[in-house]
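Pasting target.tsv here (TSV, C-alpha atoms):
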chain	number	residue	atom	x	y	z
A	1	MET	CA	124.47	30.56	120.02
A	2	PRO	CA	123.18	32.94	117.32
A	3	ARG	CA	120.87	35.68	118.49
A	4	PRO	CA	117.17	35.28	117.52
A	5	ALA	CA	117.46	38.17	115.05
A	6	HIS	CA	120.29	36.35	113.29
A	7	LEU	CA	118.24	33.16	113.15
A	8	ALA	CA	115.35	35.08	111.59
A	9	VAL	CA	117.61	36.49	108.91
A	10	ILE	CA	119.07	33.03	108.19
A	11	LEU	CA	115.56	31.54	107.97
A	12	PHE	CA	114.46	34.33	105.62
A	13	ALA	CA	117.52	33.79	103.43
A	14	THR	CA	116.95	30.03	103.35
A	15	LEU	CA	113.34	30.47	102.31
A	16	LEU	CA	114.37	32.81	99.50
A	17	GLY	CA	116.73	30.17	98.16
A	18	GLN	CA	114.09	27.43	98.02
A	19	PRO	CA	111.57	26.79	95.25
A	20	ASN	CA	108.09	27.81	96.21
A	21	PRO	CA	105.90	24.71	96.59
A	22	ALA	CA	103.20	26.61	94.68
A	23	ALA	CA	105.48	26.42	91.66
A	24	ALA	CA	104.58	22.74	91.34
A	25	GLY	CA	101.08	23.86	90.35
A	26	TRP	CA	102.45	25.59	87.23
A	27	ASN	CA	99.17	27.18	86.28
A	28	TYR	CA	100.68	30.63	86.24
A	29	ARG	CA	99.36	33.32	83.92
A	30	ILE	CA	96.18	31.46	83.05
A	31	GLY	CA	93.24	33.89	83.15
A	32	GLU	CA	95.53	36.91	82.91
A	33	PRO	CA	95.57	39.38	80.01
A	34	ALA	CA	98.35	38.50	77.57
A	35	PRO	CA	101.08	41.16	77.79
A	36	GLN	CA	101.20	43.65	74.94
A	37	PHE	CA	104.01	43.33	72.43
A	38	GLN	CA	105.28	44.60	69.13
A	39	LEU	CA	107.82	42.41	67.37
A	40	GLU	CA	109.19	42.06	63.89
A	41	SER	CA	108.98	38.73	62.11
A	42	LEU	CA	111.71	37.09	60.05
A	43	ASP	CA	110.22	38.54	56.87
A	44	GLY	CA	110.22	42.06	58.31
A	45	THR	CA	106.50	42.30	59.10
A	46	THR	CA	105.64	44.07	62.36
A	47	TYR	CA	103.26	42.13	64.58
A	48	ARG	CA	101.35	43.90	67.35
A	49	SER	CA	99.44	41.96	69.96
A	50	ALA	CA	96.53	44.38	69.51
A	51	ASP	CA	96.20	43.25	65.88
A	52	LEU	CA	95.69	39.66	67.03
A	53	LYS	CA	92.62	40.49	69.12
A	54	GLY	CA	89.49	38.78	67.86
A	55	GLN	CA	91.13	35.49	67.01
A	56	TRP	CA	92.44	32.48	68.86
A	57	VAL	CA	96.25	32.54	68.99
A	58	VAL	CA	98.74	29.81	69.84
A	59	VAL	CA	102.18	31.08	70.78
A	60	SER	CA	105.31	29.01	71.28
A	61	PHE	CA	108.55	30.45	72.59
A	62	MET	CA	111.44	28.61	70.97
A	63	THR	CA	115.14	28.66	70.16
A	64	THR	CA	116.91	26.81	67.38
A	65	TRP	CA	119.35	25.10	69.79
A	66	CYS	CA	116.75	23.77	72.21
A	67	PRO	CA	116.20	19.99	71.90
A	68	PHE	CA	112.63	20.26	73.17
A	69	CYS	CA	111.87	22.88	70.50
A	70	ASN	CA	113.42	20.77	67.76
A	71	ALA	CA	111.35	17.80	68.85
A	72	ALA	CA	108.15	19.83	68.87
A	73	ALA	CA	108.74	21.89	65.70
A	74	PRO	CA	107.27	19.39	63.18
A	75	HIS	CA	104.24	18.91	65.39
A	76	PHE	CA	103.83	22.67	65.74
A	77	GLU	CA	103.80	22.95	61.95
A	78	LYS	CA	101.13	20.24	61.80
A	79	LEU	CA	99.11	22.17	64.40
A	80	THR	CA	99.57	25.39	62.39
A	81	GLN	CA	98.08	23.65	59.35
A	82	ASP	CA	95.30	21.78	61.13
A	83	TYR	CA	94.03	24.60	63.32
A	84	GLY	CA	94.68	27.35	60.79
A	85	LYS	CA	91.67	25.95	58.96
A	86	ARG	CA	89.66	26.66	62.12
A	87	GLY	CA	90.83	30.26	62.38
A	88	VAL	CA	93.64	29.75	64.89
A	89	LYS	CA	96.74	31.89	64.36
A	90	ALA	CA	99.95	30.08	65.32
A	91	ILE	CA	103.06	32.11	66.11
A	92	ILE	CA	106.57	31.26	67.19
A	93	VAL	CA	108.54	33.79	69.22
A	94	ASP	CA	112.24	33.12	68.85
A	95	VAL	CA	114.17	34.04	71.98
A	96	SER	CA	117.37	36.09	71.63
A	97	GLU	CA	118.95	34.64	68.50
A	98	ASN	CA	120.59	35.82	65.32
A	99	PRO	CA	117.93	36.11	62.58
A	100	ASP	CA	120.15	34.32	60.03
A	101	ILE	CA	120.36	31.26	62.27
A	102	VAL	CA	116.62	31.37	62.90
A	103	SER	CA	115.95	31.66	59.18
A	104	GLY	CA	117.93	28.49	58.41
A	105	TRP	CA	116.13	26.59	61.16
A	106	VAL	CA	112.71	27.71	59.92
A	107	LYS	CA	113.56	26.51	56.41
A	108	ARG	CA	114.84	23.14	57.63
A	109	HIS	CA	111.66	22.54	59.61
A	110	LYS	CA	109.47	23.97	56.80
A	111	LEU	CA	107.63	26.16	59.31
A	112	SER	CA	104.84	28.20	57.76
A	113	CYS	CA	103.75	30.28	60.76
A	114	PRO	CA	105.15	33.74	61.48
A	115	VAL	CA	108.37	33.62	63.50
A	116	LEU	CA	108.77	36.76	65.58
A	117	LEU	CA	112.20	37.82	66.78
A	118	ASP	CA	112.47	38.73	70.44
A	119	GLY	CA	116.09	39.79	70.27
A	120	THR	CA	116.30	41.12	73.81
A	121	GLY	CA	114.09	38.47	75.41
A	122	GLU	CA	111.96	41.21	76.99
A	123	VAL	CA	108.68	40.07	75.46
A	124	THR	CA	109.40	36.46	76.43
A	125	THR	CA	110.14	37.58	79.97
A	126	SER	CA	106.87	39.52	80.12
A	127	TYR	CA	105.00	36.25	79.44
A	128	ALA	CA	106.96	34.20	81.99
A	129	PRO	CA	105.77	32.97	85.37
A	130	PRO	CA	106.93	35.03	88.36
A	131	PRO	CA	110.36	34.45	89.91
A	132	ASP	CA	109.10	31.92	92.47
A	133	PHE	CA	108.58	29.42	89.64
A	134	VAL	CA	111.94	27.66	89.12
A	135	PRO	CA	113.70	30.62	90.73
A	136	ASP	CA	117.23	29.81	89.69
A	137	LEU	CA	116.56	30.10	85.95
A	138	LYS	CA	116.32	33.21	83.83
A	139	ARG	CA	112.69	33.93	83.01
A	140	GLU	CA	113.37	33.47	79.29
A	141	GLU	CA	114.82	30.02	79.98
A	142	VAL	CA	111.66	28.96	81.78
A	143	MET	CA	109.65	29.96	78.72
A	144	ILE	CA	111.76	28.17	76.08
A	145	ALA	CA	109.69	25.34	74.58
A	146	SER	CA	106.50	26.58	76.19
A	147	PHE	CA	103.12	26.75	74.49
A	148	MET	CA	100.32	29.20	75.16
A	149	ILE	CA	96.75	29.73	74.00
A	150	ILE	CA	95.35	33.27	73.97
A	151	ASP	CA	91.64	33.75	73.40
A	152	PRO	CA	90.04	36.34	71.10
A	153	GLY	CA	89.67	38.72	74.04
A	154	GLY	CA	93.41	38.62	74.73
A	155	THR	CA	93.25	36.41	77.83
A	156	ILE	CA	95.73	33.59	78.39
A	157	ARG	CA	93.78	30.34	78.50
A	158	PHE	CA	96.55	27.72	78.51
A	159	LEU	CA	100.26	27.63	79.30
A	160	ALA	CA	102.31	24.46	78.97
A	161	LEU	CA	105.73	24.54	80.56
A	162	ASN	CA	108.04	21.56	80.80
A	163	GLU	CA	106.97	20.02	84.08
A	164	ASP	CA	109.36	17.11	83.61
A	165	VAL	CA	110.79	15.06	80.79
A	166	THR	CA	108.16	12.37	81.13
A	167	SER	CA	105.40	14.91	80.61
A	168	PHE	CA	107.15	16.73	77.77
A	169	ASP	CA	104.63	16.68	75.01
A	170	ALA	CA	106.44	16.99	71.67
A	171	ARG	CA	103.29	15.92	69.85
A	172	LEU	CA	101.37	18.75	71.53
A	173	THR	CA	98.58	16.40	72.50
A	174	LYS	CA	97.45	18.44	75.50
A	175	LEU	CA	97.60	21.69	73.55
A	176	ARG	CA	95.46	20.19	70.78
A	177	ALA	CA	92.96	18.76	73.26
A	178	THR	CA	92.68	22.12	75.00
A	179	LEU	CA	92.14	23.91	71.70
A	180	ASP	CA	89.48	21.38	70.75
A	181	GLY	CA	87.72	22.10	74.03
A	182	LEU	CA	87.90	25.87	73.61
A	183	LEU	CA	87.10	26.29	69.93
A	184	PRO	CA	83.53	26.24	68.66
A	185	SER	CA	82.51	22.80	67.41
A	186	GLN	CA	83.24	22.18	63.74
B	1	MET	CA	122.53	52.61	102.44
B	2	PRO	CA	118.91	52.12	101.35
B	3	ARG	CA	117.13	49.47	103.36
B	4	HIS	CA	116.56	47.01	100.49
B	5	LEU	CA	120.23	47.20	99.53
B	6	ALA	CA	121.19	46.47	103.10
B	7	VAL	CA	118.95	43.38	103.10
B	8	LEU	CA	120.44	42.27	99.79
B	9	ALA	CA	123.94	42.70	101.17
B	10	VAL	CA	123.07	40.60	104.23
B	11	LEU	CA	121.51	37.86	102.09
B	12	THR	CA	124.47	37.82	99.73
B	13	ALA	CA	126.86	37.57	102.65
B	14	LEU	CA	124.84	34.65	103.96
B	15	GLY	CA	125.08	32.88	100.63
B	16	ALA	CA	121.41	33.22	99.74
B	17	THR	CA	120.34	33.65	96.14
B	18	PRO	CA	118.59	36.92	95.42
B	19	ILE	CA	115.52	36.50	93.27
B	20	ASN	CA	116.26	36.70	89.54
B	21	ALA	CA	119.96	36.01	90.08
B	22	ARG	CA	121.59	33.33	87.94
B	23	ALA	CA	122.60	30.70	90.48
B	24	ILE	CA	123.34	27.71	88.29
B	25	GLU	CA	126.90	26.92	87.33
B	26	VAL	CA	126.32	23.77	85.35
B	27	VAL	CA	129.80	22.97	84.09
B	28	THR	CA	133.19	23.12	85.80
B	29	VAL	CA	136.45	22.53	83.96
B	30	LEU	CA	139.32	20.99	85.88
B	31	PRO	CA	142.52	21.49	83.92
B	32	PRO	CA	145.43	19.19	84.78
B	33	SER	CA	147.88	20.50	87.35
B	34	ASN	CA	151.67	20.24	87.36
B	35	VAL	CA	151.93	19.37	83.68
B	36	VAL	CA	155.59	19.07	82.70
B	37	VAL	CA	156.37	18.32	79.06
B	38	GLN	CA	159.77	17.81	77.42
B	39	PRO	CA	160.94	19.94	74.51
B	40	GLY	CA	160.02	18.19	71.26
B	41	ALA	CA	157.25	16.16	72.92
B	42	ASP	CA	154.13	15.17	70.98
B	43	THR	CA	151.59	14.21	73.63
B	44	HIS	CA	148.24	15.21	75.07
B	45	VAL	CA	146.83	16.70	78.25
B	46	VAL	CA	143.49	15.72	79.74
B	47	LEU	CA	140.91	18.19	81.01
B	48	GLN	CA	138.21	16.88	83.30
B	49	VAL	CA	134.77	18.36	82.81
B	50	VAL	CA	132.19	18.08	85.58
B	51	VAL	CA	128.49	18.54	84.79
B	52	LYS	CA	126.25	19.40	87.72
B	53	ALA	CA	124.08	16.49	88.84
B	54	GLY	CA	120.71	16.40	87.09
B	55	TYR	CA	121.99	18.23	84.00
B	56	HIS	CA	123.45	17.12	80.69
B	57	VAL	CA	125.20	18.98	77.89
B	58	GLN	CA	125.00	18.33	74.16
B	59	ALA	CA	127.87	16.08	73.06
B	60	ASN	CA	130.45	16.59	70.33
B	61	PRO	CA	129.55	15.85	67.63
B	62	VAL	CA	125.78	16.34	67.83
B	63	GLU	CA	123.53	14.39	65.48
B	64	ASN	CA	121.08	17.25	65.02
B	65	PRO	CA	123.08	20.12	63.50
B	66	ASP	CA	120.77	22.69	65.08
B	67	LEU	CA	121.98	21.78	68.54
B	68	ILE	CA	125.13	23.26	70.05
B	69	PRO	CA	127.91	20.74	70.65
B	70	LEU	CA	130.24	21.07	73.59
B	71	THR	CA	133.34	22.63	72.06
B	72	LEU	CA	136.79	23.18	73.53
B	73	LYS	CA	138.92	25.79	71.78
B	74	ILE	CA	142.44	26.31	73.06
B	75	ASP	CA	144.95	28.59	71.36
B	76	ALA	CA	148.62	27.80	70.83
B	77	ALA	CA	151.01	29.84	72.94
B	78	GLY	CA	154.77	30.24	73.03
B	79	SER	CA	156.52	27.01	72.18
B	80	VAL	CA	153.37	24.88	72.52
B	81	SER	CA	151.06	24.10	69.61
B	82	VAL	CA	147.64	22.55	70.06
B	83	GLY	CA	145.69	19.94	68.06
B	84	GLU	CA	142.02	19.16	67.75
B	85	PRO	CA	140.44	18.05	71.05
B	86	VAL	CA	139.35	14.42	71.35
B	87	TYR	CA	135.91	14.15	72.90
B	88	PRO	CA	134.56	11.10	74.73
B	89	ALA	CA	131.80	8.82	73.49
B	90	ALA	CA	128.33	10.23	74.13
B	91	LYS	CA	125.31	8.83	75.91
B	92	ARG	CA	122.05	8.52	74.01
B	93	MET	CA	118.70	9.70	75.26
B	94	ARG	CA	115.34	10.41	73.64
B	95	LEU	CA	112.65	12.91	74.55
B	96	ARG	CA	109.17	11.48	74.69
B	97	GLY	CA	107.39	12.07	71.41
B	98	ASP	CA	110.64	12.77	69.55
B	99	SER	CA	111.76	10.60	66.67
B	100	GLN	CA	115.47	11.27	67.10
B	101	ASP	CA	117.95	10.47	69.85
B	102	LEU	CA	119.96	13.14	71.62
B	103	VAL	CA	123.65	12.55	72.25
B	104	VAL	CA	124.79	14.04	75.53
B	105	TYR	CA	127.38	14.05	78.29
B	106	ASP	CA	126.67	14.10	81.98
B	107	GLY	CA	128.60	13.50	85.20
B	108	THR	CA	132.37	13.77	84.83
B	109	PHE	CA	134.15	13.17	81.56
B	110	ALA	CA	137.53	13.84	79.97
B	111	ILE	CA	138.62	15.75	76.89
B	112	ALA	CA	142.09	14.97	75.55
B	113	LEU	CA	143.96	17.90	74.04
B	114	PRO	CA	146.90	17.02	71.78
B	115	ILE	CA	149.91	19.30	72.26
B	116	LYS	CA	153.34	19.57	70.66
B	117	VAL	CA	156.27	21.33	72.23
B	118	ALA	CA	158.91	22.93	70.00
B	119	PRO	CA	162.30	21.15	70.19
B	120	ASN	CA	164.00	24.43	71.06
B	121	ALA	CA	161.61	25.28	73.92
B	122	THR	CA	163.33	26.66	76.99
B	123	ALA	CA	163.35	24.36	80.01
B	124	GLY	CA	161.49	25.75	83.01
B	125	GLU	CA	159.42	28.04	80.84
B	126	PRO	CA	155.75	28.08	81.95
B	127	VAL	CA	153.32	28.36	79.05
B	128	THR	CA	149.71	29.29	79.71
B	129	LEU	CA	147.27	27.95	77.14
B	130	LYS	CA	144.02	29.90	77.06
B	131	GLY	CA	140.72	29.24	75.39
B	132	THR	CA	137.07	28.53	75.95
B	133	LEU	CA	134.60	25.71	76.52
B	134	ARG	CA	131.22	26.34	74.91
B	135	TYR	CA	128.26	24.23	75.90
B	136	GLN	CA	124.50	24.14	76.06
B	137	ALA	CA	122.96	22.40	79.06
B	138	CYS	CA	119.52	21.07	79.89
B	139	ASP	CA	118.03	19.23	82.82
B	140	ASP	CA	114.98	17.03	82.43
B	141	ARG	CA	112.69	20.06	82.27
B	142	TYR	CA	114.47	23.12	80.96
B	143	CYS	CA	117.24	24.12	78.63
B	144	LEU	CA	119.62	26.90	79.52
B	145	PHE	CA	121.16	29.46	77.20
B	146	PRO	CA	124.50	28.44	75.69
B	147	VAL	CA	127.49	29.37	77.83
B	148	THR	CA	131.12	30.05	76.93
B	149	LEU	CA	133.49	29.42	79.83
B	150	PRO	CA	137.07	30.68	79.89
B	151	VAL	CA	139.62	27.88	80.24
B	152	ALA	CA	143.34	28.12	81.05
B	153	LEU	CA	145.99	25.51	81.66
B	154	VAL	CA	149.65	25.89	82.47
B	155	ILE	CA	152.32	23.71	80.89
B	156	THR	CA	155.85	23.76	82.20
B	157	ILE	CA	158.65	22.89	79.81
B	158	GLY	CA	160.83	20.20	81.36
B	159	LYS	CA	164.52	19.47	80.90
B	160	ARG	CA	165.66	17.43	77.92

The structure in this file should be written as structure tokens.
Amino acid sequence: MPRPAHLAVILFATLLGQPNPAAAGWNYRIGEPAPQFQLESLDGTTYRSADLKGQWVVVSFMTTWCPFCNAAAPHFEKLTQDYGKRGVKAIIVDVSENPDIVSGWVKRHKLSCPVLLDGTGEVTTSYAPPPDFVPDLKREEVMIASFMIIDPGGTIRFLALNEDVTSFDARLTKLRATLDGLLPSQ
Amino acid sequence: MPRHLAVLAVLTALGATPINARAIEVVTVLPPSNVVVQPGADTHVVLQVVVKAGYHVQANPVENPDLIPLTLKIDAAGSVSVGEPVYPAAKRMRLRGDSQDLVVYDGTFAIALPIKVAPNATAGEPVTLKGTLRYQACDDRYCLFPVTLPVALVITIGKR
């Protein structure tokens, strides 16, 4: 029979290995200040989060090889065009890829928004939910194909992660509806 | 030993997953065992690939060239030369809102690897073929970074 202390350690270890039920809520980061960043875009321009203050920003974290990202890319371009007219700045942060590969992908999808290169994945990680959300994935992996709205004050107002394949929203319907609710009426 | 390291050591020994650790091994390659091939033979060996339940990997070939196809690369060694792998037929799936199917593998599937043994190969000689299996896996919610797994299989040259 294991001693009680051993049982406590086993229980603790078991709990650490289990997903936190709170993760199912997946409303992490909303209401928090968006982490600061400074990244270079594909065309060599430096983007600082501080420079984006004062405008609504939509950020998507993507990779060229991610099927979800490929499905959403044309709809993200449409959103860039549609909401750009309303003062929304759309940005893609590419996660840990070779710029040449990213450049080809951007051309194929005819993406017009800035594509920032997060070569180390550190910025992506800084935006990710804490480790109790899908604990067995790298934080960058959790963020791939996610979509975020940051308000003019720099606060995160919306974060869409892939809850499941049936809720995956390639057409960005929920993101658009949320923007429509947040932006001043036209 | 600092206290937190001691706790980590205990948890590791118990098989628990420390937070932030990479716990998922999505693909396992099962090379054939006891492969004996005659000198001069022109044949193939079959590698079984097992994908963890709930996951799929992009097939070979992919239909969207931006995606990363599962790719087996094995180098020739000694008296054994290697051909292009033959991949199985893929399954089709479509993400909601997407206009294009994905072609994927899941479960257990086989890759056939053509091999040729030189006619003058020495009987009893073990030849280790080494290479890699590259894949990119997703489940129904998340996609994982591409992975390159080392692969090795041993071929023994039989008697004529």

Nearest-residue call for Pro39 of chain B, choices B:Thr132, B:Asn60, B:Thr108, B:Ser79, using all atoms listed in the file: B:Ser79

From B:Lys91, B:Leu72, B:Ala77, B:Leu144, residue lying nearest Pro126 of chain B [all atoms listed in the file]: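 Of B:Lys91, B:Leu72, B:Ala77, B:Leu144, the one nearest Pro126 of chain B is B:Ala77, counting all atoms listed in the file.
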
Selected residue, from A:Gly44, A:Gln36, A:Lys53, A:Val123, that lies nearest to Gly154 of chain A when counting only C-alpha atoms: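 With only C-alpha atoms as the atom set, the closest residue is A:Lys53.
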
Best match for closeness to chain A among B:Thr28, B:Gln136, B:Ser81, B:Asn120, counting only C-alpha atoms: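 Closest to chain A, using only C-alpha atoms: B:Gln136.
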
Residues within 6 Å of segment 113-118 of chain B, all atoms listed in the file, excluding chain neighbours under 4 positions, as number ranges by chain: B: 39-45, 79-83, 85

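The space separating atom CA of Leu70 of chain B from atom CA of Phe109 of chain B comes to 11.9 Å.
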
Best match for closeness to Asn162 of chain A among A:Ser146, A:Thr63, A:Gln55, A:Ser103, counting all atoms listed in the file: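 Closest candidate: A:Ser146.
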
Nearest to chain B, chosen from A:Ile150, A:Leu116, A:Thr124, A:His75, with all atoms listed in the file counted in the distances: A:His75

d(atom CA of Pro131 of chain A, atom CA of Val147 of chain B) in Å: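 Atom CA of Pro131 of chain A sits 21.6 Å away from atom CA of Val147 of chain B.
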
Shell around Trp105 of chain A at 9 Å using only C-alpha atoms, local window under 5 positions removed, as a ChimeraX atom specification: /A:64,100,110-111 /B:66

Radius query 9 Å about (116.3, 11.9, 69.1), atoms used: only C-alpha atoms, as an NGL selection string: (:A and (67 or 71)) or (:B and (63-64 or 92-95 or 98-103))

For Ala145 of chain A, find every residue with an atom within 6 Å (counting only C-alpha atoms), except residues of its own chain fewer than 5 positions away, and show them as a PDB file with C-alpha atoms, keeping the file's coordinate frame.
ATOM      1  CA  PHE A  61     108.550  30.450  72.590  1.00  0.00           C
ATOM      2  CA  MET A  62     111.440  28.610  70.970  1.00  0.00           C
ATOM      3  CA  CYS A  69     111.870  22.880  70.500  1.00  0.00           C
TER       4      CYS A  69
END

Selection near Leu129 of chain B, 7 Å with all atoms listed in the file, sequence-local residues under 2 positions removed, as a list in words: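 Selected residues are Ile74, Asp75, Ala76, Ala77, Val127, Gly131, Ala152, Leu153 and Val154 of chain B.
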
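Relative to atom CA of Gly121 of chain A, atom CA of Gly104 of chain A is found at 20.1 Å.
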